[in-house]
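Source file final.cif; content: mmCIF, C-alpha atoms.
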data_target
#
loop_
_atom_site.group_PDB
_atom_site.id
_atom_site.type_symbol
_atom_site.label_atom_id
_atom_site.label_comp_id
_atom_site.auth_asym_id
_atom_site.auth_seq_id
_atom_site.Cartn_x
_atom_site.Cartn_y
_atom_site.Cartn_z
ATOM 1 C CA MET V 105 90.332 -147.156 -7.933
ATOM 2 C CA ALA V 106 89.289 -147.616 -11.586
ATOM 3 C CA THR V 107 92.562 -146.105 -12.861
ATOM 4 C CA THR V 108 95.142 -148.807 -13.727
ATOM 5 C CA THR V 109 98.379 -149.080 -15.712
ATOM 6 C CA GLN V 110 96.426 -150.799 -18.493
ATOM 7 C CA GLU V 111 93.910 -147.949 -18.583
ATOM 8 C CA LYS V 112 96.637 -145.322 -18.940
ATOM 9 C CA GLU V 113 97.916 -147.124 -22.057
ATOM 10 C CA LEU V 114 94.497 -147.083 -23.732
ATOM 11 C CA SER V 115 93.843 -144.445 -26.352
ATOM 12 C CA VAL V 116 90.847 -142.112 -26.291
ATOM 13 C CA GLU V 117 89.387 -144.169 -29.135
ATOM 14 C CA GLU V 118 89.681 -147.395 -27.131
ATOM 15 C CA ARG V 119 88.212 -145.782 -24.045
ATOM 16 C CA LEU V 120 85.277 -144.402 -26.026
ATOM 17 C CA GLN V 121 84.625 -147.846 -27.504
ATOM 18 C CA ALA V 122 84.749 -149.366 -24.021
ATOM 19 C CA LEU V 123 82.377 -146.681 -22.741
ATOM 20 C CA TYR V 124 79.902 -147.341 -25.561
ATOM 21 C CA LYS V 125 80.021 -151.095 -24.867
ATOM 22 C CA LEU V 126 79.458 -150.277 -21.195
ATOM 23 C CA GLN V 127 76.403 -148.197 -22.164
ATOM 24 C CA THR V 128 75.045 -151.116 -24.212
ATOM 25 C CA ILE V 129 75.417 -153.495 -21.276
ATOM 26 C CA LEU V 130 73.922 -151.036 -18.787
ATOM 27 C CA SER V 131 70.979 -150.439 -21.135
ATOM 28 C CA GLU V 132 70.355 -154.186 -21.177
ATOM 29 C CA ILE V 133 70.476 -154.240 -17.366
ATOM 30 C CA ASP V 134 67.992 -151.342 -17.369
ATOM 31 C CA ARG V 135 65.753 -153.352 -19.712
ATOM 32 C CA ILE V 136 65.845 -156.331 -17.334
ATOM 33 C CA ARG V 137 64.972 -154.133 -14.373
ATOM 34 C CA ILE V 138 62.157 -152.471 -16.312
ATOM 35 C CA LEU V 139 60.874 -155.973 -17.056
ATOM 36 C CA ARG V 140 60.346 -156.338 -13.336
ATOM 37 C CA GLY V 141 58.242 -153.202 -13.646
ATOM 38 C CA GLU V 142 56.651 -151.707 -10.600
ATOM 39 C CA LEU V 143 56.362 -155.050 -8.827
ATOM 40 C CA PRO V 144 58.926 -154.214 -6.093
ATOM 41 C CA ASN V 145 57.068 -150.956 -5.356
ATOM 42 C CA GLU V 146 53.720 -152.738 -5.495
ATOM 43 C CA VAL V 147 54.972 -155.355 -3.043
ATOM 44 C CA LYS V 148 56.237 -152.633 -0.691
ATOM 45 C CA ASP V 149 52.968 -150.677 -0.943
ATOM 46 C CA ARG V 150 50.964 -153.826 -0.251
ATOM 47 C CA GLU V 151 53.128 -154.646 2.780
ATOM 48 C CA ASP V 152 52.555 -151.121 4.101
ATOM 49 C CA GLU V 153 48.790 -151.536 3.602
ATOM 50 C CA ILE V 154 48.834 -154.811 5.534
ATOM 51 C CA ILE V 155 50.693 -153.167 8.423
ATOM 52 C CA ARG V 156 48.174 -150.295 8.372
ATOM 53 C CA TYR V 157 45.179 -152.643 8.545
ATOM 54 C CA LYS V 158 46.785 -154.715 11.311
ATOM 55 C CA ASN V 159 47.426 -151.559 13.339
ATOM 56 C CA ARG V 160 43.840 -150.387 12.808
ATOM 57 C CA ILE V 161 42.446 -153.745 13.903
ATOM 58 C CA LYS V 162 44.703 -153.756 16.963
ATOM 59 C CA LYS V 163 43.614 -150.214 17.859
ATOM 60 C CA HIS V 164 39.915 -151.125 17.520
ATOM 61 C CA GLU V 165 40.432 -154.200 19.700
ATOM 62 C CA GLU V 166 42.144 -152.123 22.390
ATOM 63 C CA GLU V 167 39.326 -149.554 22.271
ATOM 64 C CA ILE V 168 36.732 -152.335 22.585
ATOM 65 C CA GLU V 169 38.502 -153.682 25.659
ATOM 66 C CA ASN V 170 38.542 -150.183 27.184
ATOM 67 C CA LEU V 171 34.835 -149.748 26.433
ATOM 68 C CA LYS V 172 34.041 -153.137 27.946
ATOM 69 C CA ALA V 173 35.929 -152.163 31.091
ATOM 70 C CA ALA V 174 33.994 -148.874 31.224
ATOM 71 C CA VAL V 175 30.676 -150.756 30.832
ATOM 72 C CA ALA V 176 31.655 -153.125 33.642
ATOM 73 C CA THR V 177 32.526 -150.172 35.881
ATOM 74 C CA MET V 178 29.236 -148.411 35.118
ATOM 75 C CA THR V 179 27.260 -151.638 35.682
ATOM 76 C CA ALA V 180 28.859 -152.093 39.092
ATOM 77 C CA ASP V 181 28.248 -148.424 39.903
ATOM 78 C CA THR V 182 24.581 -148.769 38.881
ATOM 79 C CA ALA V 183 24.179 -151.808 41.143
ATOM 80 C CA ASN V 184 25.630 -149.854 44.079
ATOM 81 C CA ARG V 185 23.313 -146.904 43.430
ATOM 82 C CA LYS V 186 20.290 -149.205 43.240
ATOM 83 C CA ALA V 187 21.335 -150.648 46.595
ATOM 84 C CA ASN V 188 21.562 -147.089 47.955
ATOM 85 C CA ILE V 189 18.035 -146.334 46.700
ATOM 86 C CA ALA V 190 16.723 -149.465 48.397
ATOM 87 C CA LYS V 191 18.455 -148.368 51.595
ATOM 88 C CA TYR V 192 16.971 -144.855 51.368
ATOM 89 C CA GLU V 193 13.477 -146.272 50.804
ATOM 90 C CA GLU V 194 13.842 -148.378 53.912
ATOM 91 C CA GLN V 195 15.018 -145.329 55.856
ATOM 92 C CA ILE V 196 12.059 -143.276 54.561
ATOM 93 C CA ASN V 197 9.707 -145.695 56.287
ATOM 94 C CA ASN V 198 11.285 -144.730 59.597
ATOM 95 C CA VAL V 199 11.677 -140.952 59.171
ATOM 96 C CA ARG V 200 10.727 -138.773 62.135
ATOM 97 C CA ASN V 201 10.197 -135.448 60.369
ATOM 98 C CA ASN V 202 9.759 -133.818 56.961
ATOM 99 C CA ARG V 203 13.352 -132.642 56.869
ATOM 100 C CA GLU V 204 14.706 -136.203 56.930
ATOM 101 C CA PHE V 205 12.106 -137.249 54.368
ATOM 102 C CA ALA V 206 13.110 -134.449 51.956
ATOM 103 C CA PHE V 207 16.796 -135.280 52.385
ATOM 104 C CA LEU V 208 16.264 -138.966 51.611
ATOM 105 C CA GLU V 209 14.083 -138.169 48.582
ATOM 106 C CA LYS V 210 16.820 -135.906 47.214
ATOM 107 C CA GLU V 211 19.382 -138.651 47.688
ATOM 108 C CA LYS V 212 17.095 -141.109 45.888
ATOM 109 C CA GLU V 213 16.607 -138.638 43.045
ATOM 110 C CA PHE V 214 20.368 -138.066 42.740
ATOM 111 C CA GLU V 215 21.038 -141.818 42.629
ATOM 112 C CA SER V 216 18.299 -142.281 40.015
ATOM 113 C CA LEU V 217 19.793 -139.567 37.807
ATOM 114 C CA GLU V 218 23.236 -141.167 38.104
ATOM 115 C CA ILE V 219 21.720 -144.541 37.170
ATOM 116 C CA GLN V 220 20.087 -142.980 34.094
ATOM 117 C CA LEU V 221 23.404 -141.392 33.109
ATOM 118 C CA ASN V 222 25.183 -144.725 33.534
ATOM 119 C CA GLU V 223 22.578 -146.461 31.408
ATOM 120 C CA LYS V 224 22.901 -143.800 28.686
ATOM 121 C CA LYS V 225 26.700 -144.101 28.674
ATOM 122 C CA THR V 226 26.422 -147.901 28.672
ATOM 123 C CA ARG V 227 24.138 -147.844 25.623
ATOM 124 C CA GLU V 228 26.543 -145.513 23.829
ATOM 125 C CA ALA V 229 29.509 -147.675 24.771
ATOM 126 C CA LYS V 230 27.795 -150.840 23.539
ATOM 127 C CA ALA V 231 26.836 -149.107 20.281
ATOM 128 C CA SER V 232 30.451 -147.995 19.878
ATOM 129 C CA ILE V 233 31.647 -151.549 20.558
ATOM 130 C CA GLU V 234 29.334 -152.869 17.855
ATOM 131 C CA ALA V 235 30.512 -150.207 15.392
ATOM 132 C CA LYS V 236 34.144 -151.048 16.107
ATOM 133 C CA ARG V 237 33.436 -154.769 15.660
ATOM 134 C CA GLN V 238 31.996 -153.985 12.245
ATOM 135 C CA GLU V 239 35.105 -151.936 11.446
ATOM 136 C CA ILE V 240 37.270 -154.875 12.526
ATOM 137 C CA GLU V 241 35.249 -157.205 10.304
ATOM 138 C CA LYS V 242 35.636 -154.859 7.315
ATOM 139 C CA ASP V 243 39.350 -154.268 7.951
ATOM 140 C CA SER V 244 39.928 -158.001 8.456
ATOM 141 C CA GLN V 245 38.403 -158.682 5.046
ATOM 142 C CA LEU V 246 40.563 -155.997 3.448
ATOM 143 C CA LEU V 247 43.595 -157.380 5.290
ATOM 144 C CA ASP V 248 42.848 -160.858 3.966
ATOM 145 C CA ASP V 249 42.445 -159.503 0.412
ATOM 146 C CA ASN V 250 45.728 -157.587 0.629
ATOM 147 C CA GLU V 251 47.591 -160.611 1.989
ATOM 148 C CA LYS V 252 46.360 -162.708 -0.952
ATOM 149 C CA ILE V 253 47.362 -159.990 -3.444
ATOM 150 C CA LEU V 254 50.759 -159.652 -1.745
ATOM 151 C CA GLU V 255 51.353 -163.383 -2.036
ATOM 152 C CA THR V 256 50.552 -163.233 -5.769
ATOM 153 C CA LYS V 257 52.768 -160.166 -6.330
ATOM 154 C CA LYS V 258 55.670 -161.732 -4.453
ATOM 155 C CA LYS V 259 55.410 -164.874 -6.555
ATOM 156 C CA GLU V 260 55.334 -162.833 -9.773
ATOM 157 C CA LEU V 261 58.364 -160.836 -8.642
ATOM 158 C CA GLN V 262 60.291 -163.923 -7.582
ATOM 159 C CA ASP V 263 59.560 -165.643 -10.914
ATOM 160 C CA ILE V 264 60.900 -162.630 -12.837
ATOM 161 C CA ILE V 265 63.951 -162.358 -10.561
ATOM 162 C CA ASN V 266 64.701 -166.072 -11.026
ATOM 163 C CA GLU V 267 64.410 -165.725 -14.800
ATOM 164 C CA THR V 268 66.680 -162.684 -15.074
ATOM 165 C CA LYS V 269 69.013 -162.964 -12.077
ATOM 166 C CA GLN V 270 71.804 -164.892 -13.819
ATOM 167 C CA ASP V 271 71.673 -162.678 -16.920
ATOM 168 C CA GLU V 272 71.868 -159.555 -14.771
ATOM 169 C CA GLN V 273 74.797 -160.898 -12.749
ATOM 170 C CA ASN V 274 76.729 -161.775 -15.929
ATOM 171 C CA LEU V 275 76.082 -158.313 -17.366
ATOM 172 C CA LEU V 276 77.162 -156.636 -14.116
ATOM 173 C CA ILE V 277 80.471 -158.544 -14.229
ATOM 174 C CA GLN V 278 81.027 -157.420 -17.841
ATOM 175 C CA ALA V 279 80.176 -153.844 -16.863
ATOM 176 C CA LYS V 280 82.729 -153.873 -14.025
ATOM 177 C CA ASP V 281 85.442 -155.112 -16.411
ATOM 178 C CA LEU V 282 84.647 -152.350 -18.902
ATOM 179 C CA GLU V 283 84.657 -149.682 -16.181
ATOM 180 C CA LYS V 284 88.341 -150.480 -15.585
ATOM 181 C CA MET V 285 89.067 -149.359 -19.150
ATOM 182 C CA VAL V 286 87.670 -145.859 -18.590
ATOM 183 C CA ASP V 287 89.383 -143.112 -16.581
ATOM 184 C CA ASP V 288 87.803 -142.099 -13.273
ATOM 185 C CA TYR V 289 86.784 -138.594 -14.386
ATOM 186 C CA THR V 290 85.020 -139.709 -17.583
ATOM 187 C CA LEU V 291 83.388 -142.664 -15.829
ATOM 188 C CA ALA V 292 82.038 -140.426 -13.051
ATOM 189 C CA ALA V 293 80.689 -137.952 -15.618
ATOM 190 C CA PHE V 294 79.117 -140.800 -17.604
ATOM 191 C CA LYS V 295 77.375 -142.199 -14.505
ATOM 192 C CA ARG V 296 76.131 -138.730 -13.537
ATOM 193 C CA ILE V 297 74.695 -138.159 -17.015
ATOM 194 C CA ARG V 298 73.032 -141.584 -16.991
ATOM 195 C CA LYS V 299 71.450 -140.881 -13.624
ATOM 196 C CA ASN V 300 69.912 -137.610 -14.839
ATOM 197 C CA ALA V 301 68.862 -138.851 -18.282
ATOM 198 C CA ARG V 302 65.320 -140.208 -18.618
ATOM 199 C CA ASN V 303 66.438 -142.939 -21.031
ATOM 200 C CA GLY V 304 69.620 -143.756 -19.096
ATOM 201 C CA LEU V 305 71.909 -142.901 -22.037
ATOM 202 C CA GLY V 306 75.240 -141.366 -21.059
ATOM 203 C CA ILE V 307 76.919 -141.805 -24.431
ATOM 204 C CA VAL V 308 75.248 -141.560 -27.843
ATOM 205 C CA THR V 309 76.171 -141.608 -31.503
ATOM 206 C CA VAL V 310 75.819 -138.904 -34.118
ATOM 207 C CA GLN V 311 72.665 -139.531 -36.131
ATOM 208 C CA ARG V 312 71.692 -137.394 -39.114
ATOM 209 C CA ASN V 313 74.155 -134.693 -38.069
ATOM 210 C CA ALA V 314 72.481 -134.467 -34.660
ATOM 211 C CA CYS V 315 73.039 -135.704 -31.116
ATOM 212 C CA GLY V 316 71.462 -139.141 -30.678
ATOM 213 C CA GLY V 317 70.326 -138.156 -27.200
ATOM 214 C CA CYS V 318 68.652 -134.748 -27.497
ATOM 215 C CA PHE V 319 68.531 -134.568 -31.354
ATOM 216 C CA ASN V 320 69.991 -131.074 -31.479
ATOM 217 C CA ARG V 321 72.081 -130.381 -34.559
ATOM 218 C CA ILE V 322 75.865 -130.720 -34.228
ATOM 219 C CA PRO V 323 77.989 -128.239 -36.204
ATOM 220 C CA ALA V 324 80.159 -129.719 -38.988
ATOM 221 C CA GLN V 325 83.411 -128.723 -37.263
ATOM 222 C CA ARG V 326 82.240 -130.412 -34.065
ATOM 223 C CA GLN V 327 81.367 -133.566 -35.996
ATOM 224 C CA LEU V 328 84.850 -133.605 -37.483
ATOM 225 C CA GLU V 329 86.386 -133.381 -33.995
ATOM 226 C CA ILE V 330 84.175 -136.287 -32.871
ATOM 227 C CA LYS V 331 85.387 -138.437 -35.790
ATOM 228 C CA MET V 332 89.045 -137.698 -34.988
ATOM 229 C CA HIS V 333 88.740 -139.462 -31.576
ATOM 230 C CA LYS V 334 91.370 -137.196 -30.044
ATOM 231 C CA LYS V 335 89.381 -136.273 -26.971
ATOM 232 C CA VAL V 336 86.084 -136.941 -25.203
ATOM 233 C CA ILE V 337 83.440 -134.576 -26.555
ATOM 234 C CA VAL V 338 80.074 -133.867 -24.987
ATOM 235 C CA CYS V 339 76.892 -132.412 -26.449
ATOM 236 C CA GLU V 340 76.649 -128.723 -25.651
ATOM 237 C CA TYR V 341 72.884 -129.073 -25.165
ATOM 238 C CA CYS V 342 72.310 -132.260 -23.114
ATOM 239 C CA GLY V 343 75.834 -132.978 -21.815
ATOM 240 C CA ARG V 344 75.925 -136.543 -23.170
ATOM 241 C CA ILE V 345 79.214 -137.935 -24.443
ATOM 242 C CA ILE V 346 79.140 -138.191 -28.229
ATOM 243 C CA ILE V 347 80.794 -140.902 -30.341
ATOM 244 C CA ASP V 348 80.606 -141.340 -34.098
ATOM 245 C CA GLY V 349 78.622 -144.325 -35.344
ATOM 246 C CA ALA V 350 81.579 -145.911 -37.149
ATOM 247 C CA LEU V 351 83.561 -146.192 -33.907
ATOM 248 C CA ALA V 352 80.520 -147.624 -32.144
ATOM 249 C CA GLY V 353 79.991 -150.116 -34.952
ATOM 250 C CA ILE V 354 76.714 -148.504 -35.968
ATOM 251 C CA PRO V 355 76.266 -147.120 -39.480
ATOM 252 C CA GLU V 356 75.449 -143.441 -39.280
ATOM 253 C CA GLU V 357 72.092 -142.443 -40.733
ATOM 254 C CA PRO V 358 72.649 -139.840 -43.432
ATOM 255 C CA ALA V 359 70.998 -136.490 -43.070
ATOM 256 C CA PRO V 360 68.043 -135.965 -45.372
ATOM 257 C CA GLU V 361 68.873 -134.164 -48.593
ATOM 258 C CA PRO V 362 67.563 -130.600 -48.711
ATOM 259 C CA THR V 363 64.595 -130.293 -50.990
ATOM 260 C CA THR V 364 64.808 -127.760 -53.812
ATOM 261 C CA LYS V 365 61.913 -126.335 -55.733
ATOM 262 C CA ARG V 366 61.896 -127.014 -59.451
ATOM 263 C CA SER V 367 61.495 -123.975 -61.637
ATOM 264 C CA ARG V 368 58.375 -123.976 -63.711
ATOM 265 C CA LYS V 369 58.964 -124.033 -67.449
ATOM 266 C CA ALA V 370 57.542 -121.180 -69.340
#

Turn this file's structure into structure tokens for me.
Amino acid sequence: MATTTQEKELSVEERLQALYKLQTILSEIDRIRILRGELPNEVKDREDEIIRYKNRIKKHEEEIENLKAAVATMTADTANRKANIAKYEEQINNVRNNREFAFLEKEKEFESLEIQLNEKKTREAKASIEAKRQEIEKDSQLLDDNEKILETKKKELQDIINETKQDEQNLLIQAKDLEKMVDDYTLAAFKRIRKNARNGLGIVTVQRNACGGCFNRIPAQRQLEIKMHKKVIVCEYCGRIIIDGALAGIPEEPAPEPTTKRSRKA
């Protein structure tokens, strides 16, 4: 639990200051993680590509083996049918009537047609094997390229992680200490706002009479309440917690003076 005896003794002002310091630290952690950029995603995408190419190559290899087995079966079948034709030709030499002759000729014709079909299927299978070998060669080259890119990306990522790891760990420790100074409800709201905000800001200062997060104007009475530090106040437009610049240690930028038209002298 983040709520402690020490936390209960802290004023709203102290908790707001702690929350703003927490935001500063978390923004620095965000900056470090942005520095790593899209490298983690790029590494993951490249790993997925490598797996995809390996699976494709494996599938092609399995299909080639199946085609080779089919070619072997058809070759053996063709040899048997050629042996049958030779047997029928020998039997034709000893036929006793036209009926036997016609029967044997039909059998020869059937075997010949089956041989032609086997040869056609064998040619197609061999062509398919060659096409799949070319696919394997192309995919193997792409696999090799992706593995080299992955190695480079991993090295880049590791170098950045090594450079920023200690800084990030130190900042995370500071952030945890500051979280103990903020009540559970406000801390949960702050984290929720940060998660939904594009810039990761959960608490902002008043700048030029406007919210430093969404830049919508803050009414004068609301600004006075913010400067009193009596309670946690959020922007009615973006939901961010608002703190005055003086409490955050940031000089507030004055609002631009309204321009007035000079009257022309007669």

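Note that the spacing between CA of Asn197 (chain V) and CA of Glu213 (chain V) amounts to 16.5 Å.
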
* When you draw a straight line from CA of Thr179 (chain V) to CA of Glu204 (chain V), how long is it in Å? ->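 Answer for the CA of Thr179 (chain V) to CA of Glu204 (chain V) separation: 29.1 Å.
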
* Residues selected by the PyMOL selection byres ((chain V and resi 305) around 12), written as a PyMOL selection string -> chain V and resi 123-132+134+293-304+306-309+315-318+342-346

* **Length of the CA of Gly141 (chain V) to CA of Glu251 (chain V) vector [Å]** =>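 These two atoms are separated by 20.3 Å.
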
* the PyMOL selection byres ((chain V and resi 218-232) around 12) on the file shown: which residues, as a PyMOL selection string? -> chain V and resi 164-165+167-189+211-217+233-239

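Once the PyMOL selection byres ((chain V and resi 286) around 8) is applied to the depicted file, the selected set reads Ala106, Thr107, Glu111, Arg119, Leu120, Ala122, Leu123, Leu282, Glu283, Lys284, Met285, Asp287, Asp288, Thr290 and Leu291 of chain V.
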
Go ahead and save the residues from that selection, with C-alpha atoms, as a PDB file, in the coordinates of the input.
ATOM      1  CA  ALA V 106      89.289-147.616 -11.586  1.00  0.00           C
ATOM      2  CA  THR V 107      92.562-146.105 -12.861  1.00  0.00           C
ATOM      3  CA  GLU V 111      93.910-147.949 -18.583  1.00  0.00           C
ATOM      4  CA  ARG V 119      88.212-145.782 -24.045  1.00  0.00           C
ATOM      5  CA  LEU V 120      85.277-144.402 -26.026  1.00  0.00           C
ATOM      6  CA  ALA V 122      84.749-149.366 -24.021  1.00  0.00           C
ATOM      7  CA  LEU V 123      82.377-146.681 -22.741  1.00  0.00           C
ATOM      8  CA  LEU V 282      84.647-152.350 -18.902  1.00  0.00           C
ATOM      9  CA  GLU V 283      84.657-149.682 -16.181  1.00  0.00           C
ATOM     10  CA  LYS V 284      88.341-150.480 -15.585  1.00  0.00           C
ATOM     11  CA  MET V 285      89.067-149.359 -19.150  1.00  0.00           C
ATOM     12  CA  ASP V 287      89.383-143.112 -16.581  1.00  0.00           C
ATOM     13  CA  ASP V 288      87.803-142.099 -13.273  1.00  0.00           C
ATOM     14  CA  THR V 290      85.020-139.709 -17.583  1.00  0.00           C
ATOM     15  CA  LEU V 291      83.388-142.664 -15.829  1.00  0.00           C
TER      16      LEU V 291
END
